[in-house]
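Scroll down for the structure; my scribbles are underneath it.
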Amino acid sequence: MSKILININGKDYSAEPGKMVLDIAKEVGIYIPTLCHYEGIKPQGSCRICTCKIDGRNMTVCTTPATHRMVIETNTEELEKIRATIVELLFAEGNHFCPACERSGNCELQALAYRYKMMVPQFPYIFPAKDIDAKNPKIMIDHNRCILCKRCIRRKQEPENPSWFVFKDRGNKVQINLDHELTADFDDELAQKAMDTCPVGAIIRKEKGFDVPIGSRKYDKNPIGSDIENQGVTL
Amino acid sequence: MSKKITIEPVTRVEGHGKVTIHLDDNNQVAQSRLHIVEFRGFERFVQGRPYWEAPVLVQRLCGICPVSHHLAAAKALDVIVGAGTGDGLTPTGEKMRRLMHYGQMFQSHVLHFFHLASPDLLFGIDGDPALRNVIGIAIKHKELAVQAVMMRKFGQEIIKATAGKKVHGTGAIPGGINKHLTQAEKDHFLNGDDPMNIDKMIDWSLGALEFFKGYHAQNKDLIDNFASFPSSHVSLVRKDGAMDLYHGVLRGVDANGKKILDDVDYQNYLEYIDEEVKSWSYMKFPYLRSIGKKDGWYRVGPLARMNTCDFIPSPLAQKEFEIFKAYTNGKPNGMSMHQHWARLIEILHSAEMMKELLNDPDLMNGELTVKGTKGREGVGLLEAPRGTLFHHYRINDDDQIEMANLIVSTTNNNTPMNTAVNLAAKQFMNGQTEITEGMMNAVEVAIRAYDPCLSCATHALGKMPLEAMILDANGKELDRKLKNG
Ligand code: SF4
Ligand code: FES
Ligand code: NI
């Protein structure tokens, strides 16, 4: 199939038709933040953090395929404000106590809070009463930190993974549930995989914590998005 | 008829303390009590959390000594992960933690002495309140003020190099430490440009001691007699009786130097120490079981450590220790203001220990952690700047903390601080019903000899604002004064 032409932030790029805008932007060195999206899992477009202006309308780029002559803006002041607000609402809805969290420095939500310079809270914090599911011998689910992105659940769509995680209850009571029978014989590798799927510290491995010193953690040295932004490739 | 004076801090943070002074009909002090609203919330807060989070969670307890809590919790968890009860870590694990601890001791003691306490000495308890603070020091004794700032900075940088951050780092993990020291860090601390190197720190520590001894010679009455009283003393000591701020056995001596806690294993501390609840205070009163509730109380902190240990295992501090001991003919020293003297000796000792560790190759290479057979329960003790700190955890089958018991230095010093406040009140208030600035400050100075801000026990940071009230027997207010910390 022949290539199409799209315009991102005022610059023309040729791209494969049907490819998600998010992926094209990434290839050309433009970072658009994501949370519910995870490489290799079918996108669902629920967190809205990747919202961009496409032909004048706000759309989530993780679920929008590119079409010929599409005009995309990724980083207007308005969009950045929307993203900052989404990040802060996620903080207000959960109990995110970063300094004591194993994922600190390695957490996508925290990294975005730094990117958007979230300093003083502008929304009241809810402090919901949540608990920990620690029954599994290898992993824990800390509901305090879950942002309900469903990455853990959606990963079951990969054929080799059984459905370890499901949603339980509805509305504001909804929470992730671990299938204790299926995960009873989890080994370290599967536990690590489950933990890596989660953007925050809601799924953590047991008896492993804080062994990466401050300064060497993923986002200590390279703030989120900098890997994409610094590659600077133009097609 | 009797009158009651209340001195009450008015801080907006979670905890606060208050002093009530009861006068008799002749306006003589009948009794004084220090009420501290102890912040026990953390013991509940950590329940249900995964155990390995404890060292990073509990450091939020105190803005002044987070590292002490961080390390005490890690020591308790060492026991749970089967890394032994204090002597089972790898050389790197143990030495990096020690370096962190000495850095903390150094910077905290410097803050306590120079920033918070020395204004009282230099400007007098009754001195001009406008000068009697750290700004006053900066104006009148510029050199001291500059040294204090640099010394604190040095200690904080040591903490950063070992814990990852100046405050609320993550360095100590169950079974060890998560990093080595780098060559660049080592060079910086050993050979950094003046004044930021360890030799200068040792120099300045010696200078601070000279300053204190000079002051002492000219102000014997204040230093020796203010809030002075005999008591028992408790601290950790190394097995051979040496001072050891990071690890050891529990030793107690009475006012005559007789051993009342004979170098016991602190994993069994509950067999030796109990806490009494009194109706008028939220804070518990620890005591030695063998002696009983009434007389079993003891002092912890720098002064107690001078009284319990046999020697200090670093040459310059040992020399100062000998001078200190000679002052009381080798007998236990009960003079509250000598806490500051002891503190300065510990600043010197910490600096010497940092130098020794910085030259140790184990810090830069070697295994970071060890693990063994897992247990359910562990106790971690260390000598925090203001005294012995107890952390005790029990976990459930699912690795969640089920029980936490913390006895912080301030709690250990509850009765001694009450005693000191009572004496200060008697000395400065007798015969008066008017509240003077000097009188309020005397009470504060007495507390400050032990604890600069009651921070661990109350979660209040660095401030000790006081409100003083005089009430007559019918509860009618006669006088009220406010003082901000
Ligand atoms: S547990 Fe993690 S991956 Fe699963 S929904 Fe919650 S935040 Fe997303
Ligand atoms: S990443 Fe696109 S909506 Fe969540
Ligand atoms: Ni403290």
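Ligands are numbered from 1 in the order shown, chains are lettered A, B, ... in the order of the structure tokens, and residues start at 1 in each chain.
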
_DSSP on the backbone: which residues in segment 12-225 of chain A end up as helix (DSSP H, G or I)? Give the answer as a PyMOL selection string._
chain A and resi 21-27+77-93+98-100+108-115+143-145+151-157+171-173+188-197+218-221

Handout entry: Residue neighbourhood Gly103 of chain B, 7 Å, only C-alpha atoms, exclusion window fewer than 3 positions, as a list in words
Key =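 Result of the neighbour search: Leu99, Met100, Phe106, Gln107, Gly155, Gln156, Ile158 and Ile159 of chain B.
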
When you look at segment 370-381 of chain B with a cut-off of 10 Å (counting only C-alpha atoms), what residues show up, excluding the ones that are within fewer than 4 positions of it in the same chain? I need them as a PyMOL selection string.
chain B and resi 68-69+71-86+88-90+93+174-177+235-236+245-250+266-269+388-397+399+401-407

Could you give me, as a Markdown table, every chain A residue with an atom at most 10 Å from ligand 1, plus its closest atom pair and distance in Å to one decimal, counting only C-alpha atoms and all ligand atoms, rows ordered by chain then number?
| residue | atom | partner | partner_atom_place_in_ligand_line | distance |
| --- | --- | --- | --- | --- |
| A:Leu35 | CA | ligand 1 | 8 (Fe) | 8.5 |
| A:Cys36 | CA | ligand 1 | 8 (Fe) | 7.1 |
| A:His37 | CA | ligand 1 | 8 (Fe) | 9.8 |
| A:Tyr38 | CA | ligand 1 | 3 (S) | 9.5 |
| A:Leu109 | CA | ligand 1 | 7 (S) | 9.5 |
| A:Met140 | CA | ligand 1 | 1 (S) | 9.6 |
| A:Ile141 | CA | ligand 1 | 1 (S) | 6.6 |
| A:Asp142 | CA | ligand 1 | 1 (S) | 7.7 |
| A:His143 | CA | ligand 1 | 6 (Fe) | 7.3 |
| A:Asn144 | CA | ligand 1 | 6 (Fe) | 9.3 |
| A:Arg145 | CA | ligand 1 | 7 (S) | 6.8 |
| A:Cys146 | CA | ligand 1 | 6 (Fe) | 3.8 |
| A:Ile147 | CA | ligand 1 | 7 (S) | 4.3 |
| A:Leu148 | CA | ligand 1 | 5 (S) | 3.7 |
| A:Cys149 | CA | ligand 1 | 8 (Fe) | 3.9 |
| A:Lys150 | CA | ligand 1 | 5 (S) | 3.8 |
| A:Arg151 | CA | ligand 1 | 3 (S) | 4.3 |
| A:Cys152 | CA | ligand 1 | 3 (S) | 4.2 |
| A:Ile153 | CA | ligand 1 | 4 (Fe) | 6.4 |
| A:Arg154 | CA | ligand 1 | 4 (Fe) | 8.8 |
| A:Arg155 | CA | ligand 1 | 3 (S) | 9.2 |
| A:Phe165 | CA | ligand 1 | 4 (Fe) | 7.6 |
| A:Val166 | CA | ligand 1 | 4 (Fe) | 8.9 |
| A:Phe167 | CA | ligand 1 | 5 (S) | 8.4 |
| A:Gln175 | CA | ligand 1 | 6 (Fe) | 7.8 |
| A:Ile176 | CA | ligand 1 | 1 (S) | 6.1 |
| A:Asn177 | CA | ligand 1 | 1 (S) | 8.6 |
| A:Leu178 | CA | ligand 1 | 1 (S) | 9.3 |
| A:Ala194 | CA | ligand 1 | 3 (S) | 8.1 |
| A:Met195 | CA | ligand 1 | 2 (Fe) | 7.8 |
| A:Asp196 | CA | ligand 1 | 3 (S) | 8.6 |
| A:Thr197 | CA | ligand 1 | 3 (S) | 5.8 |
| A:Cys198 | CA | ligand 1 | 3 (S) | 3.6 |
| A:Pro199 | CA | ligand 1 | 2 (Fe) | 5.8 |
| A:Val200 | CA | ligand 1 | 7 (S) | 5.6 |
| A:Gly201 | CA | ligand 1 | 2 (Fe) | 6.9 |
| A:Ala202 | CA | ligand 1 | 1 (S) | 4.8 |
| A:Ile203 | CA | ligand 1 | 1 (S) | 5.4 |
| A:Ile204 | CA | ligand 1 | 1 (S) | 9.2 |

Test item: residues lying within 12 Å of ligand 2 with only C-alpha atoms and all ligand atoms, as a PyMOL selection string: chain A and resi 20-23+31-39+41-52+58-64+83+86-87+108-109+147-151+199

Would you export the selected residues with N, CA and C atoms as a compact mmCIF listing (two decimals), in the first residue's frame, please?
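Output below, filename out.txt:
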# COMPACT_ATOMS: atom_id res chain seq x y z
N MET A 20 -1.48 3.56 14.17
CA MET A 20 -2.01 4.49 15.16
C MET A 20 -1.14 5.76 15.19
N VAL A 21 -1.83 6.89 15.36
CA VAL A 21 -1.12 8.16 15.39
C VAL A 21 -0.04 8.16 16.47
N LEU A 22 -0.37 7.54 17.59
CA LEU A 22 0.59 7.48 18.70
C LEU A 22 1.91 6.86 18.25
N ASP A 23 1.82 5.76 17.50
CA ASP A 23 3.02 5.05 17.10
C ASP A 23 3.82 5.83 16.05
N TYR A 31 6.89 12.76 21.60
CA TYR A 31 6.36 12.01 22.73
C TYR A 31 4.96 12.47 23.07
N ILE A 32 4.06 11.51 23.14
CA ILE A 32 2.70 11.78 23.62
C ILE A 32 2.49 10.86 24.82
N PRO A 33 2.17 11.40 25.99
CA PRO A 33 2.07 10.55 27.18
C PRO A 33 0.94 9.52 27.07
N THR A 34 1.15 8.37 27.68
CA THR A 34 0.14 7.32 27.72
C THR A 34 0.10 6.75 29.12
N LEU A 35 -1.02 6.15 29.47
CA LEU A 35 -1.08 5.42 30.74
C LEU A 35 -1.77 4.07 30.57
N CYS A 36 -2.97 4.10 29.96
CA CYS A 36 -3.69 2.84 29.83
C CYS A 36 -3.13 2.01 28.67
N HIS A 37 -2.33 2.66 27.83
CA HIS A 37 -1.78 1.95 26.70
C HIS A 37 -0.50 1.22 27.09
N TYR A 38 -0.34 0.02 26.53
CA TYR A 38 0.87 -0.75 26.81
C TYR A 38 1.25 -1.47 25.54
N GLU A 39 2.48 -1.34 25.15
CA GLU A 39 2.94 -1.95 23.90
C GLU A 39 2.58 -3.43 23.85
N ILE A 41 -0.44 -4.69 23.69
CA ILE A 41 -1.82 -4.98 24.10
C ILE A 41 -2.75 -4.10 23.26
N LYS A 42 -3.89 -4.64 22.89
CA LYS A 42 -4.84 -3.88 22.09
C LYS A 42 -5.25 -2.62 22.86
N PRO A 43 -5.12 -1.44 22.25
CA PRO A 43 -5.44 -0.20 22.97
C PRO A 43 -6.92 -0.09 23.27
N GLN A 44 -7.23 0.59 24.38
CA GLN A 44 -8.66 0.74 24.72
C GLN A 44 -9.07 2.20 24.87
N GLY A 45 -8.11 3.11 25.01
CA GLY A 45 -8.46 4.53 25.02
C GLY A 45 -9.28 4.97 26.21
N SER A 46 -8.94 4.52 27.39
CA SER A 46 -9.78 4.85 28.54
C SER A 46 -9.22 5.97 29.43
N CYS A 47 -7.92 6.14 29.46
CA CYS A 47 -7.39 7.11 30.43
C CYS A 47 -7.40 8.54 29.88
N ARG A 48 -7.43 8.69 28.59
CA ARG A 48 -7.52 9.98 27.87
C ARG A 48 -6.27 10.84 27.96
N ILE A 49 -5.22 10.33 28.54
CA ILE A 49 -4.04 11.19 28.71
C ILE A 49 -3.35 11.46 27.37
N CYS A 50 -3.58 10.59 26.38
CA CYS A 50 -2.92 10.76 25.08
C CYS A 50 -3.72 11.66 24.14
N THR A 51 -4.75 12.29 24.70
CA THR A 51 -5.60 13.14 23.88
C THR A 51 -4.80 14.19 23.10
N CYS A 52 -5.06 14.25 21.77
CA CYS A 52 -4.45 15.27 20.91
C CYS A 52 -5.56 15.91 20.07
N ASN A 58 -10.64 16.84 19.78
CA ASN A 58 -9.85 16.12 20.77
C ASN A 58 -10.08 14.62 20.64
N MET A 59 -9.02 13.87 20.36
CA MET A 59 -9.16 12.42 20.21
C MET A 59 -7.97 11.72 20.85
N THR A 60 -8.21 10.48 21.30
CA THR A 60 -7.11 9.72 21.91
C THR A 60 -6.29 9.06 20.79
N VAL A 61 -5.02 9.38 20.73
CA VAL A 61 -4.21 8.93 19.60
C VAL A 61 -3.80 7.46 19.71
N CYS A 62 -3.94 6.86 20.90
CA CYS A 62 -3.59 5.44 21.00
C CYS A 62 -4.61 4.57 20.28
N THR A 63 -5.82 5.14 20.01
CA THR A 63 -6.87 4.36 19.35
C THR A 63 -7.26 4.93 17.99
N THR A 64 -6.53 5.94 17.52
CA THR A 64 -6.91 6.58 16.25
C THR A 64 -5.91 6.26 15.14
N ARG A 83 -3.92 17.21 30.25
CA ARG A 83 -3.12 16.08 30.75
C ARG A 83 -2.73 16.27 32.21
N ILE A 86 -5.68 15.44 34.28
CA ILE A 86 -5.93 14.00 34.39
C ILE A 86 -4.98 13.37 35.41
N VAL A 87 -3.72 13.74 35.33
CA VAL A 87 -2.74 13.18 36.26
C VAL A 87 -3.12 13.53 37.69
N GLU A 108 4.98 5.25 36.08
CA GLU A 108 4.58 6.13 34.98
C GLU A 108 3.75 7.31 35.47
N LEU A 109 2.89 7.05 36.45
CA LEU A 109 2.05 8.13 36.97
C LEU A 109 2.90 9.20 37.66
N ILE A 147 -4.87 2.54 39.27
CA ILE A 147 -5.55 3.60 38.52
C ILE A 147 -6.56 3.00 37.53
N LEU A 148 -6.85 1.71 37.67
CA LEU A 148 -7.90 1.03 36.91
C LEU A 148 -7.71 1.15 35.40
N CYS A 149 -6.48 1.06 34.97
CA CYS A 149 -6.19 1.19 33.55
C CYS A 149 -6.48 -0.11 32.81
N LYS A 150 -6.65 -1.18 33.54
CA LYS A 150 -6.96 -2.51 32.99
C LYS A 150 -5.83 -3.12 32.17
N ARG A 151 -4.65 -2.57 32.26
CA ARG A 151 -3.55 -3.18 31.50
C ARG A 151 -3.36 -4.63 31.93
N PRO A 199 1.34 0.20 35.33
CA PRO A 199 2.07 1.47 35.19
C PRO A 199 2.48 2.07 36.54

task = Compute the set of chain A residues within 7 Å of chain B, using only C-alpha atoms, and express it as a ChimeraX atom specification.
result = /A:99-100,134-135,207,209-215

For atom CA of Val174 of chain A and atom CA of Asn136 of chain A, quote the distance in Å rounded to one decimal.
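Between atom CA of Val174 of chain A and atom CA of Asn136 of chain A the gap is 20.2 Å.
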
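Considering the residues A:Glu189, A:Glu93, A:Glu102, A:Glu229 and counting only C-alpha atoms, Phe123 of chain A has its shortest atom-to-atom contact with A:Glu93.
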
Excluding Glu88 of chain A and residues on its chain fewer than 3 positions from it, collect all residues at most 8 Å away from it, counting only C-alpha atoms, and give them as an mmCIF file with N, CA and C atoms, in the first residue's frame.
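File out.cif, as written:
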data_model
loop_
_atom_site.group_PDB
_atom_site.id
_atom_site.type_symbol
_atom_site.label_atom_id
_atom_site.label_comp_id
_atom_site.auth_asym_id
_atom_site.auth_seq_id
_atom_site.Cartn_x
_atom_site.Cartn_y
_atom_site.Cartn_z
ATOM 1 N N ALA A 84 -2.327 17.487 32.523
ATOM 2 C CA ALA A 84 -1.951 17.754 33.910
ATOM 3 C C ALA A 84 -3.135 17.498 34.836
ATOM 4 N N THR A 85 -4.320 17.884 34.366
ATOM 5 C CA THR A 85 -5.518 17.703 35.175
ATOM 6 C C THR A 85 -5.824 16.219 35.366
ATOM 7 N N PHE A 91 -4.214 11.174 41.077
ATOM 8 C CA PHE A 91 -3.614 11.244 42.417
ATOM 9 C C PHE A 91 -4.687 11.467 43.483
ATOM 10 N N ALA A 92 -5.639 12.338 43.163
ATOM 11 C CA ALA A 92 -6.664 12.679 44.147
ATOM 12 C C ALA A 92 -7.572 11.489 44.451
ATOM 13 N N ALA A 113 3.574 13.116 36.722
ATOM 14 C CA ALA A 113 3.364 14.211 37.681
ATOM 15 C C ALA A 113 4.576 15.140 37.675
ATOM 16 N N MET A 118 3.440 18.857 38.856
ATOM 17 C CA MET A 118 2.339 18.875 39.813
ATOM 18 C C MET A 118 2.896 19.207 41.193
ATOM 19 N N PRO A 121 -1.671 20.626 45.264
ATOM 20 C CA PRO A 121 -2.904 20.015 44.777
ATOM 21 C C PRO A 121 -4.000 21.063 44.549
ATOM 22 N N PHE A 123 -7.123 19.871 43.599
ATOM 23 C CA PHE A 123 -8.377 19.173 43.885
ATOM 24 C C PHE A 123 -8.318 18.578 45.285
#

Practice item. Could you please determine the separation between atom CA of Thr411 of chain B and atom CA of Met283 of chain B in Å, to one decimal place? Key: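 Separation of atom CA of Thr411 of chain B and atom CA of Met283 of chain B: 6.6 Å.
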
| said: Quick one: residues within 12 Å of Phe324 of chain B, only C-alpha atoms, excluding same-chain residues fewer than 3 positions away - as number ranges by chain? | reply: B: 209, 212-213, 216, 303, 306-307, 311-312, 317-321, 327-333, 335, 338-346

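The spacing separating atom CA of Glu367 of chain B from atom CA of His101 of chain B amounts to 19.5 Å.
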